[in-house]
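The next block is coords13.pdb, given as PDB, C-alpha atoms, pLDDT in the B column.
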```pdb
ATOM      1  CA  GLU O 263       0.000   0.000   0.000  1.00 81.00           C
ATOM      2  CA  LEU O 264       1.298   3.413  -0.967  1.00 87.00           C
ATOM      3  CA  LYS O 265       2.245   5.667   1.948  1.00 91.00           C
ATOM      4  CA  VAL O 266       2.837   9.385   1.529  1.00 94.00           C
ATOM      5  CA  GLU O 267       4.582  11.317   4.298  1.00 95.00           C
ATOM      6  CA  GLN O 268       5.096  15.038   4.586  1.00 96.00           C
ATOM      7  CA  ASN O 269       7.329  16.967   6.895  1.00 96.00           C
ATOM      8  CA  PRO O 270       7.127  19.114   8.729  1.00 96.00           C
ATOM      9  CA  LEU O 271       3.464  18.870   9.696  1.00 94.00           C
ATOM     10  CA  PHE O 272       3.474  22.393  11.060  1.00 95.00           C
ATOM     11  CA  LEU O 273       5.709  25.241   9.991  1.00 93.00           C
ATOM     12  CA  SER O 274       5.822  28.776  11.313  1.00 94.00           C
ATOM     13  CA  MET O 275       8.141  31.088   9.466  1.00 92.00           C
ATOM     14  CA  GLN O 276       8.865  34.764   9.208  1.00 94.00           C
ATOM     15  CA  GLU O 277       8.107  36.814   6.162  1.00 96.00           C
ATOM     16  CA  GLY O 278      11.052  37.071   3.824  1.00 96.00           C
ATOM     17  CA  LYS O 279      12.586  33.725   4.805  1.00 95.00           C
ATOM     18  CA  ASN O 280      13.052  30.634   2.650  1.00 96.00           C
ATOM     19  CA  TYR O 281      11.953  27.150   3.561  1.00 95.00           C
ATOM     20  CA  THR O 282      11.286  23.705   2.098  1.00 97.00           C
ATOM     21  CA  ILE O 283       8.492  21.189   2.630  1.00 97.00           C
ATOM     22  CA  TYR O 284       9.317  17.551   1.961  1.00 98.00           C
ATOM     23  CA  CYS O 285       7.132  14.780   0.589  1.00 97.00           C
ATOM     24  CA  ASN O 286       8.301  11.151   0.679  1.00 96.00           C
ATOM     25  CA  TYR O 287       6.400   8.210  -0.760  1.00 95.00           C
ATOM     26  CA  SER O 288       6.825   4.502  -0.356  1.00 93.00           C
ATOM     27  CA  THR O 289       6.401   2.826  -3.769  1.00 86.00           C
ATOM     28  CA  THR O 290       7.278   3.406  -7.390  1.00 82.00           C
ATOM     29  CA  SER O 291       5.530   6.349  -8.983  1.00 81.00           C
ATOM     30  CA  ASP O 292       6.461   9.087 -11.393  1.00 77.00           C
ATOM     31  CA  ARG O 293       3.438  11.290 -10.890  1.00 88.00           C
ATOM     32  CA  LEU O 294       3.227  13.683  -7.956  1.00 93.00           C
ATOM     33  CA  TYR O 295       1.026  16.673  -7.258  1.00 95.00           C
ATOM     34  CA  TRP O 296       0.930  19.626  -4.880  1.00 97.00           C
ATOM     35  CA  TYR O 297      -2.235  21.296  -3.603  1.00 96.00           C
ATOM     36  CA  ARG O 298      -3.054  24.257  -1.419  1.00 97.00           C
ATOM     37  CA  GLN O 299      -5.981  24.500   0.998  1.00 96.00           C
ATOM     38  CA  ASP O 300      -7.061  27.660   2.818  1.00 96.00           C
ATOM     39  CA  PRO O 301      -8.965  27.235   6.117  1.00 92.00           C
ATOM     40  CA  GLY O 302     -12.534  26.109   5.540  1.00 91.00           C
ATOM     41  CA  LYS O 303     -12.032  25.973   1.780  1.00 94.00           C
ATOM     42  CA  SER O 304     -11.535  23.384  -0.903  1.00 95.00           C
ATOM     43  CA  LEU O 305      -8.236  22.333  -2.471  1.00 95.00           C
ATOM     44  CA  GLU O 306      -6.536  24.136  -5.302  1.00 94.00           C
ATOM     45  CA  SER O 307      -4.083  22.449  -7.646  1.00 93.00           C
ATOM     46  CA  LEU O 308      -0.601  24.036  -7.596  1.00 96.00           C
ATOM     47  CA  PHE O 309       1.748  21.741  -9.472  1.00 95.00           C
ATOM     48  CA  VAL O 310       1.627  18.567 -11.549  1.00 93.00           C
ATOM     49  CA  LEU O 311       4.989  16.727 -11.753  1.00 93.00           C
ATOM     50  CA  LEU O 312       4.970  13.871 -14.240  1.00 87.00           C
ATOM     51  CA  SER O 313       8.568  12.739 -14.609  1.00 87.00           C
ATOM     52  CA  ASN O 314      11.843  12.327 -12.780  1.00 87.00           C
ATOM     53  CA  GLY O 315      13.643  15.636 -12.488  1.00 89.00           C
ATOM     54  CA  ALA O 316      10.515  17.685 -13.178  1.00 91.00           C
ATOM     55  CA  VAL O 317      10.651  21.203 -11.783  1.00 95.00           C
ATOM     56  CA  LYS O 318       7.772  23.655 -11.790  1.00 96.00           C
ATOM     57  CA  GLN O 319       7.689  27.228 -10.494  1.00 97.00           C
ATOM     58  CA  GLU O 320       4.869  29.639  -9.812  1.00 96.00           C
ATOM     59  CA  GLY O 321       5.682  32.904  -8.101  1.00 96.00           C
ATOM     60  CA  ARG O 322       7.460  32.208  -4.796  1.00 97.00           C
ATOM     61  CA  LEU O 323       6.782  28.447  -4.940  1.00 98.00           C
ATOM     62  CA  MET O 324       8.919  25.871  -6.701  1.00 98.00           C
ATOM     63  CA  ALA O 325       8.280  22.115  -6.742  1.00 98.00           C
ATOM     64  CA  SER O 326      10.610  19.331  -7.828  1.00 97.00           C
ATOM     65  CA  LEU O 327      10.457  15.559  -8.138  1.00 95.00           C
ATOM     66  CA  ASP O 328      13.157  12.908  -7.676  1.00 94.00           C
ATOM     67  CA  THR O 329      11.545   9.566  -8.465  1.00 91.00           C
ATOM     68  CA  LYS O 330      14.682   7.580  -7.627  1.00 92.00           C
ATOM     69  CA  ALA O 331      14.673   8.974  -4.090  1.00 94.00           C
ATOM     70  CA  ARG O 332      10.844   8.928  -4.001  1.00 94.00           C
ATOM     71  CA  LEU O 333      11.000  12.521  -2.841  1.00 96.00           C
ATOM     72  CA  SER O 334       9.395  15.786  -3.827  1.00 97.00           C
ATOM     73  CA  THR O 335      10.126  19.199  -2.381  1.00 98.00           C
ATOM     74  CA  LEU O 336       8.090  22.395  -2.289  1.00 98.00           C
ATOM     75  CA  HIS O 337      10.403  25.360  -1.834  1.00 98.00           C
ATOM     76  CA  ILE O 338       9.145  28.715  -0.628  1.00 97.00           C
ATOM     77  CA  THR O 339      11.225  31.762  -1.447  1.00 96.00           C
ATOM     78  CA  ALA O 340      10.942  35.033   0.495  1.00 94.00           C
ATOM     79  CA  ALA O 341       7.681  34.038   2.155  1.00 94.00           C
ATOM     80  CA  VAL O 342       4.772  36.457   2.303  1.00 94.00           C
ATOM     81  CA  HIS O 343       1.658  36.294   4.483  1.00 94.00           C
ATOM     82  CA  ASP O 344      -0.571  35.292   1.557  1.00 95.00           C
ATOM     83  CA  LEU O 345       1.211  31.942   1.408  1.00 96.00           C
ATOM     84  CA  SER O 346      -0.217  30.900   4.785  1.00 97.00           C
ATOM     85  CA  ALA O 347      -2.246  27.746   4.080  1.00 97.00           C
ATOM     86  CA  THR O 348      -2.078  23.974   4.329  1.00 97.00           C
ATOM     87  CA  TYR O 349      -0.085  22.306   1.556  1.00 97.00           C
ATOM     88  CA  PHE O 350      -0.667  18.718   0.480  1.00 97.00           C
ATOM     89  CA  CYS O 351       1.287  16.457  -1.781  1.00 97.00           C
ATOM     90  CA  ALA O 352      -0.400  13.510  -3.501  1.00 95.00           C
ATOM     91  CA  VAL O 353       0.925  10.550  -5.460  1.00 93.00           C
ATOM     92  CA  ASP O 354      -0.590   8.255  -8.081  1.00 87.00           C
ATOM     93  CA  SER O 355      -0.146   4.553  -7.455  1.00 80.00           C
ATOM     94  CA  PHE O 356       1.860   2.954 -10.249  1.00 73.00           C
ATOM     95  CA  GLY O 357      -0.375   1.163 -12.725  1.00 73.00           C
ATOM     96  CA  ASN O 358      -3.664   2.623 -11.593  1.00 76.00           C
ATOM     97  CA  GLU O 359      -5.309   5.948 -10.884  1.00 81.00           C
ATOM     98  CA  LYS O 360      -5.542   5.690  -7.110  1.00 86.00           C
ATOM     99  CA  LEU O 361      -4.465   9.117  -5.823  1.00 89.00           C
ATOM    100  CA  THR O 362      -3.077   9.084  -2.271  1.00 92.00           C
ATOM    101  CA  PHE O 363      -2.552  12.250  -0.214  1.00 93.00           C
ATOM    102  CA  GLY O 364      -0.043  13.130   2.439  1.00 94.00           C
ATOM    103  CA  THR O 365      -1.249  14.452   5.800  1.00 92.00           C
ATOM    104  CA  GLY O 366      -0.487  18.042   4.883  1.00 95.00           C
ATOM    105  CA  THR O 367       1.827  20.803   6.115  1.00 96.00           C
ATOM    106  CA  ARG O 368       0.176  23.728   7.848  1.00 96.00           C
ATOM    107  CA  LEU O 369       2.227  26.789   6.994  1.00 96.00           C
ATOM    108  CA  THR O 370       1.895  30.033   8.938  1.00 96.00           C
ATOM    109  CA  ILE O 371       3.795  33.105   7.808  1.00 96.00           C
ATOM    110  CA  ILE O 372       4.479  35.562  10.607  1.00 92.00           C
ATOM    111  CA  PRO O 373       4.965  39.264   9.791  1.00 86.00           C
TER
ATOM    112  CA  ASN E  70     -17.688  27.585 -15.488  1.00 60.00           C
ATOM    113  CA  ALA E  71     -19.189  25.370 -12.779  1.00 72.00           C
ATOM    114  CA  GLY E  72     -16.320  22.838 -12.552  1.00 94.00           C
ATOM    115  CA  VAL E  73     -17.177  20.326  -9.812  1.00 97.00           C
ATOM    116  CA  THR E  74     -20.457  20.798  -7.969  1.00 96.00           C
ATOM    117  CA  GLN E  75     -21.245  18.996  -4.721  1.00 97.00           C
ATOM    118  CA  THR E  76     -24.562  18.913  -2.905  1.00 96.00           C
ATOM    119  CA  PRO E  77     -25.458  19.410  -0.162  1.00 97.00           C
ATOM    120  CA  LYS E  78     -22.898  21.741   1.434  1.00 96.00           C
ATOM    121  CA  PHE E  79     -23.985  20.915   4.990  1.00 97.00           C
ATOM    122  CA  GLN E  80     -25.914  17.999   6.479  1.00 97.00           C
ATOM    123  CA  VAL E  81     -26.775  16.720   9.930  1.00 98.00           C
ATOM    124  CA  LEU E  82     -27.902  13.101  10.209  1.00 97.00           C
ATOM    125  CA  LYS E  83     -29.011  10.941  13.051  1.00 98.00           C
ATOM    126  CA  THR E  84     -27.216   7.657  13.614  1.00 98.00           C
ATOM    127  CA  GLY E  85     -28.695   5.012  11.326  1.00 98.00           C
ATOM    128  CA  GLN E  86     -30.099   7.406   8.739  1.00 98.00           C
ATOM    129  CA  SER E  87     -29.069   7.162   5.117  1.00 97.00           C
ATOM    130  CA  MET E  88     -28.167   9.819   2.600  1.00 97.00           C
ATOM    131  CA  THR E  89     -26.537  10.348  -0.773  1.00 98.00           C
ATOM    132  CA  LEU E  90     -23.928  12.977  -1.546  1.00 98.00           C
ATOM    133  CA  GLN E  91     -24.096  14.171  -5.115  1.00 97.00           C
ATOM    134  CA  CYS E  92     -21.192  15.228  -7.305  1.00 98.00           C
ATOM    135  CA  ALA E  93     -21.252  16.444 -10.890  1.00 97.00           C
ATOM    136  CA  GLN E  94     -18.533  17.774 -13.173  1.00 97.00           C
ATOM    137  CA  ASP E  95     -18.875  19.569 -16.479  1.00 96.00           C
ATOM    138  CA  MET E  96     -15.292  19.187 -17.724  1.00 95.00           C
ATOM    139  CA  ASN E  97     -15.709  15.838 -19.515  1.00 95.00           C
ATOM    140  CA  HIS E  98     -13.185  14.134 -17.219  1.00 95.00           C
ATOM    141  CA  ASN E  99     -13.019  10.361 -17.037  1.00 94.00           C
ATOM    142  CA  SER E 100     -11.702  10.073 -13.458  1.00 94.00           C
ATOM    143  CA  MET E 101     -13.687  11.025 -10.373  1.00 96.00           C
ATOM    144  CA  TYR E 102     -12.924  10.547  -6.687  1.00 97.00           C
ATOM    145  CA  TRP E 103     -14.485  10.763  -3.229  1.00 98.00           C
ATOM    146  CA  TYR E 104     -12.342  11.719  -0.219  1.00 97.00           C
ATOM    147  CA  ARG E 105     -13.014  12.420   3.405  1.00 98.00           C
ATOM    148  CA  GLN E 106     -10.982  14.925   5.394  1.00 97.00           C
ATOM    149  CA  ASP E 107     -10.575  14.646   9.145  1.00 94.00           C
ATOM    150  CA  PRO E 108      -8.400  16.890  11.338  1.00 84.00           C
ATOM    151  CA  GLY E 109      -4.770  15.772  11.339  1.00 76.00           C
ATOM    152  CA  MET E 110      -5.359  12.981   8.816  1.00 79.00           C
ATOM    153  CA  GLY E 111      -5.203  14.689   5.469  1.00 87.00           C
ATOM    154  CA  LEU E 112      -7.501  13.390   2.746  1.00 94.00           C
ATOM    155  CA  ARG E 113      -8.337   9.712   2.677  1.00 95.00           C
ATOM    156  CA  LEU E 114      -9.675   8.074  -0.462  1.00 95.00           C
ATOM    157  CA  ILE E 115     -13.051   6.385  -0.091  1.00 97.00           C
ATOM    158  CA  TYR E 116     -13.810   5.291  -3.668  1.00 97.00           C
ATOM    159  CA  TYR E 117     -12.748   6.312  -7.126  1.00 95.00           C
ATOM    160  CA  SER E 118     -13.921   5.800 -10.681  1.00 95.00           C
ATOM    161  CA  ALA E 119     -11.356   5.747 -13.462  1.00 92.00           C
ATOM    162  CA  SER E 120     -14.040   5.808 -16.137  1.00 92.00           C
ATOM    163  CA  GLU E 121     -17.784   5.634 -16.614  1.00 92.00           C
ATOM    164  CA  GLY E 122     -19.084   2.263 -15.471  1.00 90.00           C
ATOM    165  CA  THR E 123     -16.124   1.413 -13.221  1.00 94.00           C
ATOM    166  CA  THR E 124     -15.555   1.981  -9.523  1.00 96.00           C
ATOM    167  CA  ASP E 125     -12.801   0.895  -7.145  1.00 94.00           C
ATOM    168  CA  LYS E 126     -12.282   0.939  -3.411  1.00 95.00           C
ATOM    169  CA  GLY E 127      -9.897   3.346  -1.833  1.00 93.00           C
ATOM    170  CA  GLU E 128      -8.333   3.409   1.606  1.00 92.00           C
ATOM    171  CA  VAL E 129     -11.525   3.705   3.709  1.00 96.00           C
ATOM    172  CA  PRO E 130     -14.510   2.230   1.792  1.00 97.00           C
ATOM    173  CA  ASN E 131     -16.356   0.553   4.671  1.00 97.00           C
ATOM    174  CA  GLY E 132     -19.792   2.029   5.304  1.00 97.00           C
ATOM    175  CA  TYR E 133     -20.017   3.676   1.878  1.00 98.00           C
ATOM    176  CA  ASN E 134     -21.256   2.827  -1.598  1.00 98.00           C
ATOM    177  CA  VAL E 135     -20.829   4.714  -4.847  1.00 98.00           C
ATOM    178  CA  SER E 136     -22.486   4.981  -8.235  1.00 97.00           C
ATOM    179  CA  ARG E 137     -20.971   6.356 -11.407  1.00 96.00           C
ATOM    180  CA  LEU E 138     -24.262   7.184 -13.013  1.00 86.00           C
ATOM    181  CA  ASN E 139     -22.730   8.604 -16.179  1.00 95.00           C
ATOM    182  CA  LYS E 140     -19.577  10.450 -17.132  1.00 96.00           C
ATOM    183  CA  ARG E 141     -20.688  13.619 -15.308  1.00 97.00           C
ATOM    184  CA  GLU E 142     -21.992  12.239 -12.019  1.00 97.00           C
ATOM    185  CA  PHE E 143     -20.454  10.243  -9.177  1.00 98.00           C
ATOM    186  CA  SER E 144     -22.524   9.823  -6.019  1.00 98.00           C
ATOM    187  CA  LEU E 145     -21.570   8.607  -2.546  1.00 98.00           C
ATOM    188  CA  ARG E 146     -24.115   6.858  -0.349  1.00 98.00           C
ATOM    189  CA  LEU E 147     -24.097   6.272   3.380  1.00 97.00           C
ATOM    190  CA  GLU E 148     -26.565   3.448   4.047  1.00 94.00           C
ATOM    191  CA  SER E 149     -26.566   3.663   7.848  1.00 97.00           C
ATOM    192  CA  ALA E 150     -24.701   6.690   9.124  1.00 97.00           C
ATOM    193  CA  ALA E 151     -22.434   6.385  12.171  1.00 98.00           C
ATOM    194  CA  PRO E 152     -20.796   9.140  14.275  1.00 97.00           C
ATOM    195  CA  SER E 153     -17.405   7.981  12.916  1.00 97.00           C
ATOM    196  CA  GLN E 154     -18.545   9.220   9.502  1.00 98.00           C
ATOM    197  CA  THR E 155     -18.688  12.807  10.710  1.00 98.00           C
ATOM    198  CA  SER E 156     -16.254  14.507   8.360  1.00 98.00           C
ATOM    199  CA  VAL E 157     -15.834  16.841   5.432  1.00 97.00           C
ATOM    200  CA  TYR E 158     -16.320  15.047   2.127  1.00 98.00           C
ATOM    201  CA  PHE E 159     -14.713  16.197  -1.096  1.00 98.00           C
ATOM    202  CA  CYS E 160     -15.417  15.089  -4.622  1.00 98.00           C
ATOM    203  CA  ALA E 161     -12.750  15.585  -7.285  1.00 97.00           C
ATOM    204  CA  SER E 162     -12.434  15.045 -10.990  1.00 96.00           C
ATOM    205  CA  ILE E 163      -9.112  14.733 -12.760  1.00 92.00           C
ATOM    206  CA  SER E 164      -8.190  15.789 -16.249  1.00 88.00           C
ATOM    207  CA  GLY E 165      -6.209  13.756 -18.759  1.00 83.00           C
ATOM    208  CA  GLY E 166      -3.147  15.755 -17.706  1.00 82.00           C
ATOM    209  CA  ARG E 167      -3.769  14.681 -14.094  1.00 84.00           C
ATOM    210  CA  ARG E 168      -4.810  18.094 -12.813  1.00 88.00           C
ATOM    211  CA  ALA E 169      -7.435  17.661 -10.079  1.00 90.00           C
ATOM    212  CA  PHE E 170     -10.437  19.887  -9.582  1.00 94.00           C
ATOM    213  CA  PHE E 171     -12.228  19.706  -6.254  1.00 96.00           C
ATOM    214  CA  GLY E 172     -15.762  20.495  -5.237  1.00 97.00           C
ATOM    215  CA  GLN E 173     -16.470  22.835  -2.344  1.00 96.00           C
ATOM    216  CA  GLY E 174     -17.013  20.022   0.122  1.00 96.00           C
ATOM    217  CA  THR E 175     -19.883  18.647   2.185  1.00 97.00           C
ATOM    218  CA  ARG E 176     -19.699  19.066   5.956  1.00 97.00           C
ATOM    219  CA  LEU E 177     -21.494  16.067   7.444  1.00 97.00           C
ATOM    220  CA  THR E 178     -22.284  15.657  11.122  1.00 97.00           C
ATOM    221  CA  VAL E 179     -23.746  12.404  12.430  1.00 98.00           C
ATOM    222  CA  VAL E 180     -25.292  12.670  15.889  1.00 97.00           C
TER
END
```

What does the file become when written as structure tokens?
Amino acid sequence: ELKVEQNPLFLSMQEGKNYTIYCNYSTTSDRLYWYRQDPGKSLESLFVLLSNGAVKQEGRLMASLDTKARLSTLHITAAVHDLSATYFCAVDSFGNEKLTFGTGTRLTIIP
Amino acid sequence: NAGVTQTPKFQVLKTGQSMTLQCAQDMNHNSMYWYRQDPGMGLRLIYYSASEGTTDKGEVPNGYNVSRLNKREFSLRLESAAPSQTSVYFCASISGGRRAFFGQGTRLTVV
């Protein structure tokens, strides 16, 4: 059974700082996704990573995928308050379309 | 554009009652999913449907049934609600490029 782990689970950081959220998964897959969820809201798709070495960037967020290490990172550059949210990674099981989520990282940006 | 529409948004049930959560998408996607979200546990997959006419169990299927009525609609039924099914339920549909679109969620309380 595919397991997806994120760390840290909670992250408090100051505006202007850089930080990285990590997503590890347990079985072979080359498809990984990042989502954002604001409190009380639904999920919004951020990045779709479909191959080893894939890197995507949007504003202050950059996501990468290393399928050999079974690891994805979400890097935050010069954080701003608007980035406060919970971030989830999710992984497709190899050979089917079962999409498994990590437990999420609650990010709080402090002025 | 409507995207993914879930109904109802809120529901309170008594233990033992039944209900059906409705989900419809207007994006012509093949894949549709039902998740539940509980505090500290991320999103857990209940059932998914890779295409019209097919359904598969996810991580937590017990106590639920689903119907993929047609390409647009994927419903989730609770036959005999239990307090452990108190949760927020999300429906999602996924494009061919694996970008997921989520509904606004159904907040279900079972008393």

Exercise. Between O:Ser326, O:Thr290, O:Thr370, O:Thr348, single out the one closest to chain E, counting all atoms listed in the file.
Key: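 Of O:Ser326, O:Thr290, O:Thr370, O:Thr348, the one nearest chain E, counting all atoms listed in the file, is O:Thr348.
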
Self-check item: Between atom CA of E:Leu112 and atom CA of O:Gly364, distance in Å (one decimal)
Solution: 7.5 Å

Self-check item: Residue members of the ChimeraX specification (/O :<6) & /E in the file shown, as a ChimeraX atom specification
Solution: /E:110-112,173

Quiz item: What residues come out when you apply the PyMOL selection byres ((chain O and resi 280-287) around 9) to this file, written as a PyMOL selection string?
Solution: chain O and resi 264-271+273+275-279+288-291+331-341+349-353+364+367

Excluding same-chain residues fewer than 2 positions from E:Ala71, what lies within 8 Å of it counting all atoms listed in the file, as a compact mmCIF listing (two decimals) with C-alpha atoms, in the frame of the given file?
```
# COMPACT_ATOMS: atom_id res chain seq x y z
CA VAL E 73 -17.18 20.33 -9.81
CA THR E 74 -20.46 20.80 -7.97
CA GLN E 94 -18.53 17.77 -13.17
CA ASP E 95 -18.88 19.57 -16.48
```

Draw an axis-aligned box tight on the listed atoms of stretch 78-85 of chain E, then pad every side by 3 Å and write out centre and edge lengths in Å to one decimal as JSON.
```
{"center_x": -26.0, "center_y": 13.4, "center_z": 7.5, "size_x": 12.1, "size_y": 22.7, "size_z": 18.2}
```

Exercise. Please indicate the distance in Å from atom CA of E:Arg105 to atom CA of E:Met88, rounded to one decimal place.
Key: 15.4 Å

My structure is short of atoms at stretch 98-107 of chain E; please model all heavy atoms there, returning them as an mmCIF file, keeping the file's coordinate frame.
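Final output, saved to part-v2.cif:
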```
data_model
loop_
_atom_site.group_PDB
_atom_site.id
_atom_site.type_symbol
_atom_site.label_atom_id
_atom_site.label_comp_id
_atom_site.auth_asym_id
_atom_site.auth_seq_id
_atom_site.Cartn_x
_atom_site.Cartn_y
_atom_site.Cartn_z
ATOM 1 N N HIS E 98 -14.273 14.960 -17.734
ATOM 2 C CA HIS E 98 -13.185 14.134 -17.219
ATOM 3 C C HIS E 98 -13.638 12.696 -17.055
ATOM 4 O O HIS E 98 -14.787 12.425 -16.672
ATOM 5 C CB HIS E 98 -12.716 14.671 -15.858
ATOM 6 C CG HIS E 98 -12.070 16.000 -15.938
ATOM 7 N ND1 HIS E 98 -11.883 16.799 -14.824
ATOM 8 C CD2 HIS E 98 -11.535 16.684 -16.981
ATOM 9 C CE1 HIS E 98 -11.268 17.912 -15.181
ATOM 10 N NE2 HIS E 98 -11.052 17.870 -16.496
ATOM 11 N N ASN E 99 -12.703 11.773 -17.261
ATOM 12 C CA ASN E 99 -13.019 10.361 -17.037
ATOM 13 C C ASN E 99 -12.969 9.988 -15.558
ATOM 14 O O ASN E 99 -13.765 9.206 -15.075
ATOM 15 C CB ASN E 99 -12.041 9.470 -17.805
ATOM 16 C CG ASN E 99 -12.301 9.478 -19.298
ATOM 17 O OD1 ASN E 99 -13.452 9.472 -19.731
ATOM 18 N ND2 ASN E 99 -11.242 9.503 -20.084
ATOM 19 N N SER E 100 -11.973 10.525 -14.828
ATOM 20 C CA SER E 100 -11.702 10.073 -13.458
ATOM 21 C C SER E 100 -12.386 10.958 -12.430
ATOM 22 O O SER E 100 -12.269 12.183 -12.479
ATOM 23 C CB SER E 100 -10.191 10.094 -13.196
ATOM 24 O OG SER E 100 -9.498 9.290 -14.112
ATOM 25 N N MET E 101 -13.045 10.302 -11.476
ATOM 26 C CA MET E 101 -13.687 11.025 -10.373
ATOM 27 C C MET E 101 -13.406 10.297 -9.070
ATOM 28 O O MET E 101 -13.234 9.072 -9.048
ATOM 29 C CB MET E 101 -15.188 11.154 -10.613
ATOM 30 C CG MET E 101 -15.533 11.970 -11.850
ATOM 31 S SD MET E 101 -17.289 12.251 -12.075
ATOM 32 C CE MET E 101 -17.621 13.459 -10.776
ATOM 33 N N TYR E 102 -13.361 11.074 -7.967
ATOM 34 C CA TYR E 102 -12.924 10.547 -6.687
ATOM 35 C C TYR E 102 -13.810 11.081 -5.563
ATOM 36 O O TYR E 102 -14.286 12.216 -5.621
ATOM 37 C CB TYR E 102 -11.475 10.996 -6.389
ATOM 38 C CG TYR E 102 -10.458 10.478 -7.370
ATOM 39 C CD1 TYR E 102 -10.393 10.972 -8.664
ATOM 40 C CD2 TYR E 102 -9.548 9.502 -6.990
ATOM 41 C CE1 TYR E 102 -9.464 10.491 -9.565
ATOM 42 C CE2 TYR E 102 -8.605 9.016 -7.879
ATOM 43 C CZ TYR E 102 -8.571 9.513 -9.172
ATOM 44 O OH TYR E 102 -7.642 9.023 -10.059
ATOM 45 N N TRP E 103 -13.901 10.292 -4.478
ATOM 46 C CA TRP E 103 -14.485 10.763 -3.229
ATOM 47 C C TRP E 103 -13.462 10.597 -2.114
ATOM 48 O O TRP E 103 -12.892 9.519 -1.935
ATOM 49 C CB TRP E 103 -15.735 9.969 -2.848
ATOM 50 C CG TRP E 103 -16.970 10.469 -3.498
ATOM 51 C CD1 TRP E 103 -17.664 9.906 -4.527
ATOM 52 C CD2 TRP E 103 -17.704 11.649 -3.145
ATOM 53 N NE1 TRP E 103 -18.765 10.647 -4.843
ATOM 54 C CE2 TRP E 103 -18.817 11.730 -4.004
ATOM 55 C CE3 TRP E 103 -17.536 12.644 -2.172
ATOM 56 C CZ2 TRP E 103 -19.749 12.768 -3.934
ATOM 57 C CZ3 TRP E 103 -18.457 13.671 -2.110
ATOM 58 C CH2 TRP E 103 -19.547 13.726 -2.980
ATOM 59 N N TYR E 104 -13.244 11.706 -1.363
ATOM 60 C CA TYR E 104 -12.342 11.719 -0.219
ATOM 61 C C TYR E 104 -13.104 12.193 1.017
ATOM 62 O O TYR E 104 -14.074 12.935 0.917
ATOM 63 C CB TYR E 104 -11.181 12.694 -0.440
ATOM 64 C CG TYR E 104 -10.187 12.256 -1.472
ATOM 65 C CD1 TYR E 104 -10.337 12.608 -2.808
ATOM 66 C CD2 TYR E 104 -9.082 11.485 -1.118
ATOM 67 C CE1 TYR E 104 -9.415 12.199 -3.754
ATOM 68 C CE2 TYR E 104 -8.158 11.074 -2.060
ATOM 69 C CZ TYR E 104 -8.331 11.435 -3.379
ATOM 70 O OH TYR E 104 -7.420 11.033 -4.314
ATOM 71 N N ARG E 105 -12.584 11.802 2.169
ATOM 72 C CA ARG E 105 -13.014 12.420 3.405
ATOM 73 C C ARG E 105 -11.804 13.072 4.067
ATOM 74 O O ARG E 105 -10.657 12.578 3.925
ATOM 75 C CB ARG E 105 -13.675 11.417 4.353
ATOM 76 C CG ARG E 105 -12.837 10.266 4.808
ATOM 77 C CD ARG E 105 -13.586 9.376 5.801
ATOM 78 N NE ARG E 105 -13.740 10.001 7.094
ATOM 79 C CZ ARG E 105 -14.473 9.514 8.102
ATOM 80 N NH1 ARG E 105 -15.133 8.366 7.950
ATOM 81 N NH2 ARG E 105 -14.552 10.147 9.246
ATOM 82 N N GLN E 106 -12.057 14.199 4.733
ATOM 83 C CA GLN E 106 -10.982 14.925 5.394
ATOM 84 C C GLN E 106 -11.321 15.075 6.865
ATOM 85 O O GLN E 106 -12.339 15.675 7.221
ATOM 86 C CB GLN E 106 -10.761 16.303 4.760
ATOM 87 C CG GLN E 106 -9.573 17.040 5.362
ATOM 88 C CD GLN E 106 -9.251 18.337 4.666
ATOM 89 O OE1 GLN E 106 -10.118 19.021 4.136
ATOM 90 N NE2 GLN E 106 -7.968 18.690 4.631
ATOM 91 N N ASP E 107 -10.440 14.542 7.698
ATOM 92 C CA ASP E 107 -10.575 14.646 9.145
ATOM 93 C C ASP E 107 -9.352 15.377 9.693
ATOM 94 O O ASP E 107 -8.252 15.264 9.129
ATOM 95 C CB ASP E 107 -10.674 13.246 9.764
ATOM 96 C CG ASP E 107 -11.858 12.474 9.203
ATOM 97 O OD1 ASP E 107 -12.986 12.922 9.445
ATOM 98 O OD2 ASP E 107 -11.644 11.461 8.511
#
```
